[in-house]
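The data block below is run.txt; it holds compact mmCIF, C-alpha atoms.
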```txt
# COMPACT_ATOMS: atom_id res chain seq x y z
CA MET A 12 -3.40 38.75 -8.99
CA ASP A 13 -6.62 36.87 -9.65
CA PRO A 14 -5.70 33.22 -10.28
CA PHE A 15 -8.70 32.91 -12.60
CA ASP A 16 -7.35 35.70 -14.81
CA ALA A 17 -6.85 34.40 -18.32
CA GLY A 18 -3.81 36.63 -18.75
CA ALA A 19 -0.22 35.53 -18.41
CA GLY A 20 0.21 33.29 -15.39
CA GLY A 21 -3.52 32.89 -14.86
CA LEU A 22 -5.25 29.58 -14.34
CA LEU A 23 -6.09 29.22 -18.02
CA LYS A 24 -2.63 30.21 -19.27
CA GLN A 25 -0.39 27.56 -17.79
CA PRO A 26 2.31 25.61 -19.67
CA LYS A 27 1.48 22.23 -21.14
CA SER A 28 3.69 20.60 -18.50
CA VAL A 29 1.42 21.96 -15.74
CA TRP A 30 -1.73 20.75 -17.47
CA ALA A 31 -0.18 17.34 -18.07
CA THR A 32 0.75 16.95 -14.40
CA ALA A 33 -2.62 18.26 -13.21
CA GLY A 34 -4.47 15.89 -15.54
CA ALA A 35 -2.51 12.92 -14.28
CA SER A 36 -3.22 14.11 -10.72
CA VAL A 37 -6.96 13.91 -11.37
CA VAL A 38 -6.61 10.27 -12.37
CA ALA A 39 -4.32 9.54 -9.41
CA PHE A 40 -6.89 10.90 -6.95
CA MET A 41 -9.64 9.01 -8.78
CA GLY A 42 -7.88 5.80 -7.80
CA ILE A 43 -8.69 6.34 -4.11
CA GLY A 44 -12.46 6.07 -4.48
CA LEU A 45 -12.54 4.10 -7.71
CA VAL A 46 -13.38 0.80 -6.04
CA ASP A 47 -16.10 2.20 -3.77
CA PRO A 48 -19.16 1.46 -5.94
CA ILE A 49 -17.83 -1.91 -7.10
CA LEU A 50 -16.85 -3.39 -3.72
CA PRO A 51 -19.99 -5.58 -3.54
CA SER A 52 -19.42 -6.64 -7.19
CA ILE A 53 -15.81 -7.58 -6.44
CA ALA A 54 -16.93 -9.57 -3.40
CA GLN A 55 -19.46 -11.43 -5.53
CA GLY A 56 -17.10 -11.97 -8.47
CA LEU A 57 -14.25 -13.30 -6.34
CA HIS A 58 -16.47 -15.09 -3.79
CA ALA A 59 -15.03 -12.98 -0.99
CA THR A 60 -16.42 -11.52 2.22
CA ALA A 61 -16.79 -7.81 2.91
CA SER A 62 -13.81 -7.86 5.27
CA GLN A 63 -11.64 -9.55 2.64
CA VAL A 64 -12.56 -7.06 -0.07
CA SER A 65 -12.03 -4.12 2.28
CA LEU A 66 -8.37 -5.14 2.40
CA LEU A 67 -8.12 -3.37 -0.97
CA PHE A 68 -8.06 -0.16 1.03
CA THR A 69 -5.92 -1.59 3.83
CA SER A 70 -3.09 -2.75 1.58
CA TYR A 71 -3.27 0.45 -0.47
CA PHE A 72 -3.00 2.82 2.49
CA LEU A 73 -0.61 0.70 4.54
CA ILE A 74 1.89 0.93 1.70
CA THR A 75 1.05 4.61 1.29
CA ALA A 76 1.85 5.27 4.97
CA VAL A 77 5.23 3.58 4.79
CA ALA A 78 5.95 5.24 1.44
CA MET A 79 5.70 8.65 3.10
CA LEU A 80 9.16 7.97 4.53
CA VAL A 81 10.49 7.09 1.09
CA THR A 82 9.02 9.61 -1.36
CA GLY A 83 11.07 12.59 -0.15
CA PHE A 84 14.20 10.43 -0.03
CA VAL A 85 13.63 9.37 -3.65
CA SER A 86 12.55 12.70 -5.16
CA SER A 87 15.38 14.64 -3.53
CA ARG A 88 17.84 12.32 -5.26
CA ILE A 89 16.42 11.56 -8.70
CA GLY A 90 14.33 14.71 -9.20
CA GLY A 91 10.61 15.42 -9.50
CA ARG A 92 10.09 14.38 -13.12
CA LYS A 93 11.66 10.95 -12.71
CA THR A 94 9.74 10.41 -9.46
CA LEU A 95 6.46 11.22 -11.20
CA LEU A 96 7.23 8.85 -14.06
CA LEU A 97 8.29 6.10 -11.66
CA GLY A 98 5.06 6.46 -9.70
CA LEU A 99 2.94 6.47 -12.87
CA ALA A 100 4.71 3.37 -14.16
CA PHE A 101 3.91 1.53 -10.93
CA VAL A 102 0.24 2.52 -11.18
CA VAL A 103 -0.05 1.49 -14.83
CA VAL A 104 1.47 -1.94 -14.15
CA PHE A 105 -0.35 -2.74 -10.90
CA ALA A 106 -3.74 -1.29 -11.88
CA GLY A 107 -3.60 -3.39 -15.04
CA LEU A 108 -2.60 -6.49 -13.08
CA ALA A 109 -5.43 -5.83 -10.60
CA GLY A 110 -7.91 -6.23 -13.44
CA THR A 111 -6.56 -9.72 -14.16
CA SER A 112 -6.82 -10.95 -10.56
CA GLY A 113 -8.16 -14.44 -10.04
CA SER A 114 -8.48 -14.17 -6.26
CA VAL A 115 -8.99 -11.50 -3.65
CA GLY A 116 -5.46 -12.16 -2.37
CA GLU A 117 -3.97 -11.29 -5.76
CA LEU A 118 -6.12 -8.17 -6.00
CA VAL A 119 -5.06 -6.98 -2.54
CA GLY A 120 -1.41 -7.50 -3.44
CA PHE A 121 -1.68 -5.62 -6.73
CA ARG A 122 -3.54 -2.83 -4.96
CA ALA A 123 -0.57 -2.48 -2.58
CA GLY A 124 1.78 -1.94 -5.53
CA TRP A 125 -0.69 0.60 -6.87
CA GLY A 126 -0.55 2.42 -3.53
CA LEU A 127 3.23 2.72 -3.74
CA GLY A 128 3.00 4.21 -7.22
CA ASN A 129 0.28 6.63 -6.22
CA ALA A 130 2.26 7.77 -3.18
CA LEU A 131 5.33 8.48 -5.29
CA PHE A 132 3.29 10.41 -7.83
CA VAL A 133 0.91 12.43 -5.64
CA SER A 134 3.51 13.37 -3.03
CA THR A 135 5.59 14.97 -5.80
CA ALA A 136 2.92 16.38 -8.14
CA LEU A 137 2.23 19.67 -6.36
CA ALA A 138 5.92 20.56 -6.07
CA VAL A 139 6.28 19.95 -9.81
CA ILE A 140 3.15 21.97 -10.69
CA VAL A 141 4.25 24.94 -8.60
CA GLY A 142 7.78 24.78 -10.00
CA ALA A 143 6.60 24.66 -13.61
CA ALA A 144 3.73 27.16 -13.29
CA ALA A 145 3.81 30.56 -14.97
CA GLY A 146 3.22 33.79 -13.07
CA GLY A 147 3.55 32.55 -9.49
CA SER A 148 2.07 29.75 -7.44
CA ALA A 149 -1.51 30.95 -6.78
CA ALA A 150 -3.02 29.62 -10.00
CA ALA A 151 -0.96 26.43 -9.82
CA ILE A 152 -2.15 25.72 -6.27
CA LEU A 153 -5.75 26.31 -7.26
CA LEU A 154 -5.31 24.00 -10.24
CA TYR A 155 -3.87 21.26 -8.04
CA GLU A 156 -6.62 21.56 -5.44
CA SER A 157 -9.21 21.49 -8.21
CA ALA A 158 -7.59 18.32 -9.57
CA LEU A 159 -7.77 16.77 -6.12
CA GLY A 160 -11.48 17.57 -5.73
CA LEU A 161 -12.33 16.50 -9.27
CA GLY A 162 -10.49 13.21 -8.85
CA MET A 163 -12.12 12.39 -5.50
CA ALA A 164 -15.55 13.14 -6.99
CA CYS A 165 -15.10 11.36 -10.33
CA GLY A 166 -13.37 8.23 -9.04
CA PRO A 167 -16.60 6.60 -7.79
CA LEU A 168 -18.41 7.75 -10.94
CA LEU A 169 -15.83 6.11 -13.23
CA GLY A 170 -15.89 3.00 -11.08
CA ALA A 171 -19.68 2.82 -11.44
CA LEU A 172 -19.77 3.42 -15.20
CA LEU A 173 -17.11 0.86 -16.03
CA GLY A 174 -17.91 -1.49 -13.18
CA ASP A 175 -21.52 -1.94 -14.22
CA ALA A 176 -20.27 -4.18 -17.06
CA SER A 177 -17.51 -5.89 -15.06
CA TRP A 178 -15.66 -5.12 -11.84
CA ARG A 179 -12.41 -5.58 -13.80
CA TYR A 180 -12.95 -2.70 -16.22
CA PRO A 181 -12.30 0.19 -13.76
CA PHE A 182 -8.82 -1.19 -13.14
CA PHE A 183 -8.05 -1.47 -16.85
CA GLY A 184 -9.50 2.00 -17.40
CA THR A 185 -7.25 3.51 -14.72
CA ALA A 186 -4.19 1.79 -16.19
CA PHE A 187 -5.02 3.24 -19.62
CA LEU A 188 -5.59 6.79 -18.32
CA MET A 189 -2.39 6.71 -16.27
CA ALA A 190 -0.47 5.47 -19.31
CA VAL A 191 -1.74 8.54 -21.18
CA GLY A 192 -0.61 10.67 -18.23
CA PHE A 193 2.82 9.01 -18.34
CA LEU A 194 3.23 9.88 -22.02
CA CYS A 195 2.07 13.48 -21.50
CA ILE A 196 4.51 14.07 -18.64
CA ALA A 197 7.35 12.36 -20.53
CA VAL A 198 6.76 14.66 -23.52
CA PHE A 199 5.81 17.99 -21.91
CA LEU A 200 7.56 18.11 -18.53
CA LYS A 201 11.22 19.04 -18.31
CA GLU A 202 13.31 18.02 -15.32
CA GLN A 203 13.41 20.61 -12.54
CA PRO A 204 16.36 21.40 -10.26
CA LYS A 205 16.87 18.95 -7.41
CA PRO A 206 16.55 20.23 -3.80
CA ALA A 207 19.74 21.63 -2.31
CA ARG A 208 19.41 19.31 0.70
CA LYS A 209 18.67 15.60 0.40
CA THR A 210 15.96 14.19 2.66
CA SER A 211 16.85 11.19 4.82
CA LEU A 212 14.47 8.34 5.63
CA LEU A 213 14.31 9.30 9.30
CA ASP A 214 13.75 13.04 8.88
CA PRO A 215 9.92 12.74 8.93
CA VAL A 216 10.02 10.60 12.09
CA LYS A 217 12.34 13.08 13.81
CA ALA A 218 9.95 15.91 12.91
CA LEU A 219 7.23 14.20 14.96
CA GLY A 220 9.26 15.04 18.06
CA HIS A 221 7.60 18.46 17.89
CA GLY A 222 4.56 18.45 20.19
CA GLY A 223 2.32 20.44 17.86
CA LEU A 224 3.00 18.29 14.81
CA ALA A 225 2.62 15.10 16.83
CA SER A 226 -0.72 16.36 18.21
CA ALA A 227 -2.01 17.18 14.74
CA ALA A 228 -0.93 13.76 13.47
CA VAL A 229 -2.56 11.87 16.38
CA SER A 230 -5.82 13.80 16.05
CA ALA A 231 -5.79 13.19 12.28
CA PHE A 232 -5.18 9.49 12.93
CA PHE A 233 -8.47 9.17 14.81
CA TYR A 234 -10.27 11.33 12.27
CA ASN A 235 -8.99 9.24 9.37
CA TYR A 236 -10.43 6.13 10.99
CA THR A 237 -13.86 7.79 10.77
CA PHE A 238 -13.22 9.05 7.24
CA PHE A 239 -12.32 5.63 5.86
CA THR A 240 -15.07 3.83 7.70
CA VAL A 241 -17.41 5.97 5.62
CA LEU A 242 -15.43 5.47 2.41
CA ALA A 243 -14.72 1.73 2.64
CA PHE A 244 -17.54 0.25 4.75
CA THR A 245 -20.61 2.28 3.79
CA PRO A 246 -20.91 0.78 0.25
CA PHE A 247 -21.72 -2.58 1.85
CA VAL A 248 -24.33 -0.97 4.09
CA LEU A 249 -25.99 0.90 1.22
CA ASN A 250 -25.92 -2.29 -0.90
CA MET A 251 -26.80 -0.45 -4.11
CA SER A 252 -26.06 -1.07 -7.77
CA PRO A 253 -22.73 0.34 -9.03
CA TYR A 254 -24.57 3.18 -10.77
CA ARG A 255 -26.50 4.25 -7.68
CA SER A 256 -23.53 3.84 -5.35
CA GLY A 257 -21.34 5.78 -7.78
CA ALA A 258 -23.88 8.61 -7.86
CA VAL A 259 -23.94 8.76 -4.06
CA PHE A 260 -20.18 8.96 -3.77
CA PHE A 261 -19.95 11.40 -6.66
CA ALA A 262 -22.22 13.76 -4.71
CA TRP A 263 -20.10 13.04 -1.63
CA GLY A 264 -16.95 13.97 -3.55
CA VAL A 265 -18.48 17.19 -4.89
CA LEU A 266 -19.30 18.32 -1.36
CA LEU A 267 -15.81 17.33 -0.22
CA ALA A 268 -14.23 19.44 -2.97
CA VAL A 269 -16.46 22.49 -2.45
CA PHE A 270 -16.07 22.55 1.33
CA SER A 271 -12.33 21.89 1.15
CA VAL A 272 -11.46 24.57 -1.39
CA ILE A 273 -14.17 27.21 -0.86
CA VAL A 274 -15.98 26.86 2.47
CA ALA A 275 -13.20 25.84 4.88
CA PRO A 276 -11.00 28.93 4.31
CA ARG A 277 -13.97 31.22 4.94
CA LEU A 278 -14.89 29.41 8.15
CA GLN A 279 -11.29 29.56 9.35
CA LYS A 280 -11.09 33.28 8.70
CA ARG A 281 -14.23 33.90 10.74
CA PHE A 282 -13.92 31.42 13.62
CA GLY A 283 -10.29 30.26 13.70
CA SER A 284 -8.81 26.91 12.69
CA LEU A 285 -9.11 25.05 15.99
CA LYS A 286 -12.77 25.96 16.59
CA VAL A 287 -13.68 25.02 13.04
CA LEU A 288 -11.85 21.70 13.29
CA GLY A 289 -13.32 20.75 16.68
CA GLY A 290 -16.84 21.66 15.60
CA SER A 291 -16.57 19.85 12.28
CA LEU A 292 -15.29 16.67 13.96
CA VAL A 293 -18.22 16.65 16.40
CA LEU A 294 -20.68 17.20 13.55
CA LEU A 295 -19.04 14.38 11.59
CA ALA A 296 -19.42 12.09 14.61
CA ALA A 297 -23.14 12.92 14.84
CA ASP A 298 -23.57 12.40 11.10
CA VAL A 299 -21.88 8.99 11.17
CA LEU A 300 -23.96 7.90 14.17
CA VAL A 301 -27.20 8.79 12.37
CA LEU A 302 -25.87 7.04 9.26
CA GLY A 303 -25.46 3.83 11.21
CA TYR A 304 -28.86 3.84 12.88
CA GLY A 305 -31.06 5.56 10.28
CA SER A 306 -33.14 4.19 7.43
CA HIS A 307 -31.64 3.45 4.02
CA THR A 308 -32.60 6.90 2.73
CA THR A 309 -31.14 8.51 5.83
CA ALA A 310 -27.91 6.55 5.34
CA VAL A 311 -27.64 7.83 1.76
CA VAL A 312 -28.20 11.45 2.85
CA CYS A 313 -25.71 11.18 5.73
CA THR A 314 -23.10 9.56 3.48
CA ILE A 315 -23.31 12.49 1.06
CA LEU A 316 -23.39 15.04 3.89
CA SER A 317 -20.25 13.58 5.46
CA GLY A 318 -18.33 14.87 2.43
CA ALA A 319 -18.85 18.43 3.67
CA PHE A 320 -17.34 17.74 7.10
CA ILE A 321 -14.52 15.67 5.61
CA GLY A 322 -13.68 18.48 3.19
CA VAL A 323 -13.43 21.02 6.01
CA ASN A 324 -11.37 18.67 8.18
CA ASN A 325 -8.92 17.84 5.38
CA THR A 326 -8.12 21.49 4.74
CA VAL A 327 -7.71 22.49 8.39
CA TYR A 328 -5.62 19.44 9.31
CA THR A 329 -3.33 20.06 6.36
CA GLU A 330 -2.70 23.66 7.33
CA LEU A 331 -2.21 22.83 11.01
CA ALA A 332 0.27 20.08 10.24
CA LEU A 333 2.34 22.24 7.92
CA GLY A 334 2.23 25.43 9.95
CA VAL A 335 2.58 24.25 13.51
CA SER A 336 6.23 23.18 13.56
CA ASP A 337 9.55 24.60 12.40
CA ALA A 338 10.39 21.52 10.34
CA PRO A 339 10.70 21.99 6.56
CA ARG A 340 7.24 21.60 5.17
CA PRO A 341 8.01 18.57 2.96
CA VAL A 342 9.42 16.80 6.02
CA ALA A 343 6.50 17.83 8.26
CA SER A 344 4.06 16.64 5.60
CA ALA A 345 5.73 13.24 5.36
CA GLY A 346 5.77 12.74 9.14
CA TYR A 347 2.14 13.80 9.52
CA ASN A 348 0.96 11.56 6.67
CA PHE A 349 3.05 8.65 7.93
CA VAL A 350 0.95 8.60 11.12
CA ARG A 351 -2.51 9.35 9.78
CA TRP A 352 -2.52 6.92 6.85
CA PHE A 353 -2.18 3.97 9.23
CA ALA A 354 -5.74 4.71 10.34
CA ALA A 355 -6.84 4.70 6.69
CA ALA A 356 -5.37 1.20 6.51
CA ALA A 357 -6.97 0.07 9.78
CA ALA A 358 -10.56 1.24 9.31
CA PRO A 359 -11.40 -0.79 6.18
CA TYR A 360 -10.16 -3.92 7.95
CA PHE A 361 -11.71 -3.44 11.37
CA ALA A 362 -15.12 -2.03 10.38
CA PRO A 363 -16.35 -5.25 8.68
CA LYS A 364 -14.74 -7.33 11.44
CA ILE A 365 -16.58 -5.34 14.10
CA GLU A 366 -19.83 -5.95 12.22
CA GLU A 367 -19.10 -9.70 12.17
CA TRP A 368 -18.41 -9.67 15.92
CA THR A 369 -21.39 -7.48 16.84
CA ASP A 370 -23.93 -6.01 14.42
CA LEU A 371 -24.24 -3.49 11.59
CA HIS A 372 -24.55 -0.44 13.86
CA ILE A 373 -21.44 -0.80 16.01
CA PRO A 374 -18.81 0.03 13.33
CA PHE A 375 -20.45 3.45 13.01
CA VAL A 376 -20.53 3.88 16.79
CA VAL A 377 -16.78 3.23 16.82
CA ALA A 378 -16.29 5.68 13.95
CA ALA A 379 -18.30 8.34 15.82
CA VAL A 380 -16.17 7.77 18.93
CA THR A 381 -12.90 8.12 17.00
CA ALA A 382 -14.09 11.44 15.52
CA VAL A 383 -14.87 12.70 19.03
CA VAL A 384 -11.46 11.50 20.26
CA GLY A 385 -9.88 13.48 17.43
CA ALA A 386 -11.77 16.57 18.60
CA LEU A 387 -10.70 15.96 22.22
CA VAL A 388 -7.04 15.81 21.15
CA VAL A 389 -7.50 19.22 19.52
CA VAL A 390 -9.05 20.62 22.72
CA VAL A 391 -6.54 19.10 25.13
CA ARG A 392 -3.53 19.97 22.97
CA ARG A 393 -4.79 23.36 21.79
CA LYS A 394 -1.79 25.19 23.27
CA ALA A 395 0.62 23.01 21.31
CA LEU A 396 -1.49 23.54 18.19
CA THR A 397 -1.93 27.28 18.68
CA HIS A 398 1.43 28.25 17.14
CA GLU A 399 0.45 29.99 13.88
CA ALA A 400 -2.97 28.27 13.99
CA GLU A 401 -4.88 31.51 14.50
CA GLU A 402 -3.32 33.13 11.46
CA LEU A 403 -3.08 30.18 9.11
CA GLU A 404 -3.65 30.98 5.45
CA PRO A 405 -4.08 28.60 2.54
CA LYS A 406 -0.52 29.31 1.44
CA HIS A 407 0.79 27.35 4.42
CA ALA A 408 -0.59 24.16 2.95
CA THR A 409 1.40 24.54 -0.21
CA GLU A 410 4.36 26.79 0.49
CA ASP A 411 7.70 25.35 -0.58
CA GLY A 412 5.87 23.18 -3.10
CA VAL A 413 4.86 20.63 -0.51
CA ALA A 414 2.25 18.04 -1.39
CA VAL A 415 -0.13 16.60 1.15
CA PHE A 416 -1.27 13.25 -0.16
CA ALA A 417 -5.00 13.27 -0.93
CA ASN A 418 -5.21 16.37 1.22
```
Transcribe the structure of this file into structure tokens.
Amino acid sequence: MDPFDAGAGGLLKQPKSVWATAGASVVAFMGIGLVDPILPSIAQGLHATASQVSLLFTSYFLITAVAMLVTGFVSSRIGGRKTLLLGLAFVVVFAGLAGTSGSVGELVGFRAGWGLGNALFVSTALAVIVGAAAGGSAAAILLYESALGLGMACGPLLGALLGDASWRYPFFGTAFLMAVGFLCIAVFLKEQPKPARKTSLLDPVKALGHGGLASAAVSAFFYNYTFFTVLAFTPFVLNMSPYRSGAVFFAWGVLLAVFSVIVAPRLQKRFGSLKVLGGSLVLLAADVLVLGYGSHTTAVVCTILSGAFIGVNNTVYTELALGVSDAPRPVASAGYNFVRWFAAAAAPYFAPKIEEWTDLHIPFVVAAVTAVVGALVVVVRRKALTHEAEELEPKHATEDGVAVFAN
């Protein structure tokens, strides 16, 4: 069945509960890149350094990493609907509080609470969408992936539009939109059956005992360091107005979405997952290196272009992680994300510090090296990663209603 078919069960004929959850998902993913174009404005408004402001990402993703061990435990006990509402409530409260911050320390703390809410929501959203969708999961999966891409692309744009007046407004705007999402889910989404088996806190850690899953997680750890050096440190290098920076990262997000949803599956079908991943990581390393040493115009072009490689990498890593082991996919997802999100927390902290210790170019050299290390892990551990890798299909990333946070 064509998921775009407007007939029963098609993309355009989903229940209101699915649209409500997908809409809230867009806003949730927007929160990741929302602060990108306003980082310099926040630094100026709160009299903070680049390394201090970059802790907005560090606190957010550190909590997200730890929360990967908790979300399955919670949702398997209280159900998907209540988990979504709990996550949304956290985001509404802490995003709103972030807008009232009087110091960078307060803002970092509120951003951590926001990260917990986002983790609870996003890690459960896909399972809920698939469970509530009409006519099978194909259209629901496409809708979720579209929400992910749209959110990643529009987050910087919203941050620029609202942040041009004040750096506080994007936080208030997110709180308002998530409150609307809370009301929509509360009204339109009915509770779904709880899983037959409850997930323990240690199940994701135990799943990492599988060599293939551990290899995918370690490689993704190094890749994520590169990814979030681009996302969290580049705005300071570009040093543009919120509007211009938002436009750059909007274009970056569009490429990420297109290459993740459309291009990556075609490349995998033709060349195989491991070759595509290794090649894309090397190209990302080259792109980041040129970004660090090129002119301002070159840096803008390379920032946008990195979205293409990041989109491909996200899709392939997701499918490898969820198809390489025999662990239940929700558990494998949690273990994999538990490892890789620590790099997302580390990069925003260390990149500005490395610049302070050395110069502007070296953080990008480090990011290029970590991308190459990620590729080397894929090459060295290719036998462990080969199980099902050659025949991976998009369904592996979403089978059993598993959600992979921010892809």
As an exercise, work out the distance from atom CA of Pro374 of chain A to atom CA of Val287 of chain A in Å and give it to one decimal place. 25.5 Å
Using all atoms listed in the file, find each residue of segment 244-300 of chain A with at least one atom at most 12 Å away from an atom of segment 21-45 of chain A; report its shortest atom-to-atom pair and that distance in Å (one decimal), sort the rows by chain and rising residue number, and return the result as JSON lines.
```
{"residue": "A:Pro246", "atom": "CA", "partner": "A:Gly44", "partner_atom": "CA", "distance": 11.0}
{"residue": "A:Pro253", "atom": "CA", "partner": "A:Leu45", "partner_atom": "CA", "distance": 10.9}
{"residue": "A:Ser256", "atom": "CA", "partner": "A:Leu45", "partner_atom": "CA", "distance": 11.2}
{"residue": "A:Gly257", "atom": "CA", "partner": "A:Leu45", "partner_atom": "CA", "distance": 9.0}
{"residue": "A:Val259", "atom": "CA", "partner": "A:Gly44", "partner_atom": "CA", "distance": 11.8}
{"residue": "A:Phe260", "atom": "CA", "partner": "A:Gly44", "partner_atom": "CA", "distance": 8.3}
{"residue": "A:Phe261", "atom": "CA", "partner": "A:Gly44", "partner_atom": "CA", "distance": 9.4}
{"residue": "A:Trp263", "atom": "CA", "partner": "A:Gly44", "partner_atom": "CA", "distance": 10.7}
{"residue": "A:Gly264", "atom": "CA", "partner": "A:Gly44", "partner_atom": "CA", "distance": 9.1}
{"residue": "A:Ala268", "atom": "CA", "partner": "A:Phe40", "partner_atom": "CA", "distance": 11.9}
```
Output C-alpha atoms of each residue in that selection to a file, as a PDB file, in the coordinates of the input.
```pdb
ATOM      1  CA  PRO A 246     -20.910   0.780   0.250  1.00  0.00           C
ATOM      2  CA  PRO A 253     -22.730   0.340  -9.030  1.00  0.00           C
ATOM      3  CA  SER A 256     -23.530   3.840  -5.350  1.00  0.00           C
ATOM      4  CA  GLY A 257     -21.340   5.780  -7.780  1.00  0.00           C
ATOM      5  CA  VAL A 259     -23.940   8.760  -4.060  1.00  0.00           C
ATOM      6  CA  PHE A 260     -20.180   8.960  -3.770  1.00  0.00           C
ATOM      7  CA  PHE A 261     -19.950  11.400  -6.660  1.00  0.00           C
ATOM      8  CA  TRP A 263     -20.100  13.040  -1.630  1.00  0.00           C
ATOM      9  CA  GLY A 264     -16.950  13.970  -3.550  1.00  0.00           C
ATOM     10  CA  ALA A 268     -14.230  19.440  -2.970  1.00  0.00           C
TER      11      ALA A 268
END
```
Residue neighbourhood His58 of chain A, 12 Å, only C-alpha atoms, exclusion window fewer than 5 positions, as an MDAnalysis selection string: chainID A and resid 50:53 63:64 113:116
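The residue set within 9 Å of segment 81-86 of chain A, counting all atoms listed in the file and dropping same-chain residues fewer than 4 places from it, reads A:Val77, A:Gly90, A:Gly91, A:Arg92, A:Lys93, A:Thr94, A:Leu95, A:Ala130, A:Leu131, A:Phe132, A:Ser134, A:Thr135, A:Lys205, A:Pro206, A:Lys209, A:Thr210, A:Ser211, A:Leu212, A:Pro341, A:Val342, A:Ala345.
You will find atom CA of Pro167 of chain A at 6.0 Å from atom CA of Pro48 of chain A.
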Write out as a ChimeraX atom specification the residues lying within 10 Å of segment 222-229 of chain A, counting only C-alpha atoms and excluding same-chain residues fewer than 6 positions away. /A:216,235,328-338,343-344,346-352,354,384-385,388-389,391-398
Save out the residues we just selected, C-alpha atoms, as a compact mmCIF listing (two decimals), in the coordinates of the input.
```txt
# COMPACT_ATOMS: atom_id res chain seq x y z
CA VAL A 216 10.02 10.60 12.09
CA ASN A 235 -8.99 9.24 9.37
CA TYR A 328 -5.62 19.44 9.31
CA THR A 329 -3.33 20.06 6.36
CA GLU A 330 -2.70 23.66 7.33
CA LEU A 331 -2.21 22.83 11.01
CA ALA A 332 0.27 20.08 10.24
CA LEU A 333 2.34 22.24 7.92
CA GLY A 334 2.23 25.43 9.95
CA VAL A 335 2.58 24.25 13.51
CA SER A 336 6.23 23.18 13.56
CA ASP A 337 9.55 24.60 12.40
CA ALA A 338 10.39 21.52 10.34
CA ALA A 343 6.50 17.83 8.26
CA SER A 344 4.06 16.64 5.60
CA GLY A 346 5.77 12.74 9.14
CA TYR A 347 2.14 13.80 9.52
CA ASN A 348 0.96 11.56 6.67
CA PHE A 349 3.05 8.65 7.93
CA VAL A 350 0.95 8.60 11.12
CA ARG A 351 -2.51 9.35 9.78
CA TRP A 352 -2.52 6.92 6.85
CA ALA A 354 -5.74 4.71 10.34
CA VAL A 384 -11.46 11.50 20.26
CA GLY A 385 -9.88 13.48 17.43
CA VAL A 388 -7.04 15.81 21.15
CA VAL A 389 -7.50 19.22 19.52
CA VAL A 391 -6.54 19.10 25.13
CA ARG A 392 -3.53 19.97 22.97
CA ARG A 393 -4.79 23.36 21.79
CA LYS A 394 -1.79 25.19 23.27
CA ALA A 395 0.62 23.01 21.31
CA LEU A 396 -1.49 23.54 18.19
CA THR A 397 -1.93 27.28 18.68
CA HIS A 398 1.43 28.25 17.14
```
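Counting only C-alpha atoms, Leu292 of chain A has the following residues at most 8 Å away, ignoring those fewer than 5 positions along the same chain: Tyr234, Phe320, Asn324, Ala382, Val383, Gly385 and Ala386 of chain A.
Among the candidates A:Trp125, A:Phe72, A:Phe183, A:Tyr254, the residue lying nearest to Phe353 of chain A is A:Phe72 (atoms considered: only C-alpha atoms).
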Here's a test: counting all atoms listed in the file, identify every protein, DNA and RNA residue with an atom at most 8 Å from (2.2, 1.8, -10.9) in the file's coordinate frame, and state them as a PyMOL selection string. chain A and resi 97-106+124-129
Mind giving me the straight-line distance from atom CA of Arg277 of chain A to atom CA of Val323 of chain A in Å, one decimal? 10.3 Å
Nearest to Val299 of chain A: which of A:Ile373, A:Ala379, A:Leu242, A:Ile315 is it, counting all atoms listed in the file? A:Ala379
Determine the axis-aligned bounding box of all atoms of segment 66-71 of chain A present in the file, pad each side by 5 Å, and express its centre and edge lengths in Å to one decimal place as JSON.
```
{"center_x": -5.7, "center_y": -2.3, "center_z": 1.4, "size_x": 15.3, "size_y": 15.6, "size_z": 14.8}
```
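Proximity ranking of A:Thr326, A:Ala123, A:Phe247, A:Leu194 relative to Thr60 of chain A places A:Phe247 first, based on all atoms listed in the file.
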May I have the residues within 10 Å of Val312 of chain A as a ChimeraX atom specification, using only C-alpha atoms and disregarding those fewer than 6 positions away in the same chain? /A:259,262-263,298,301-302,305-306
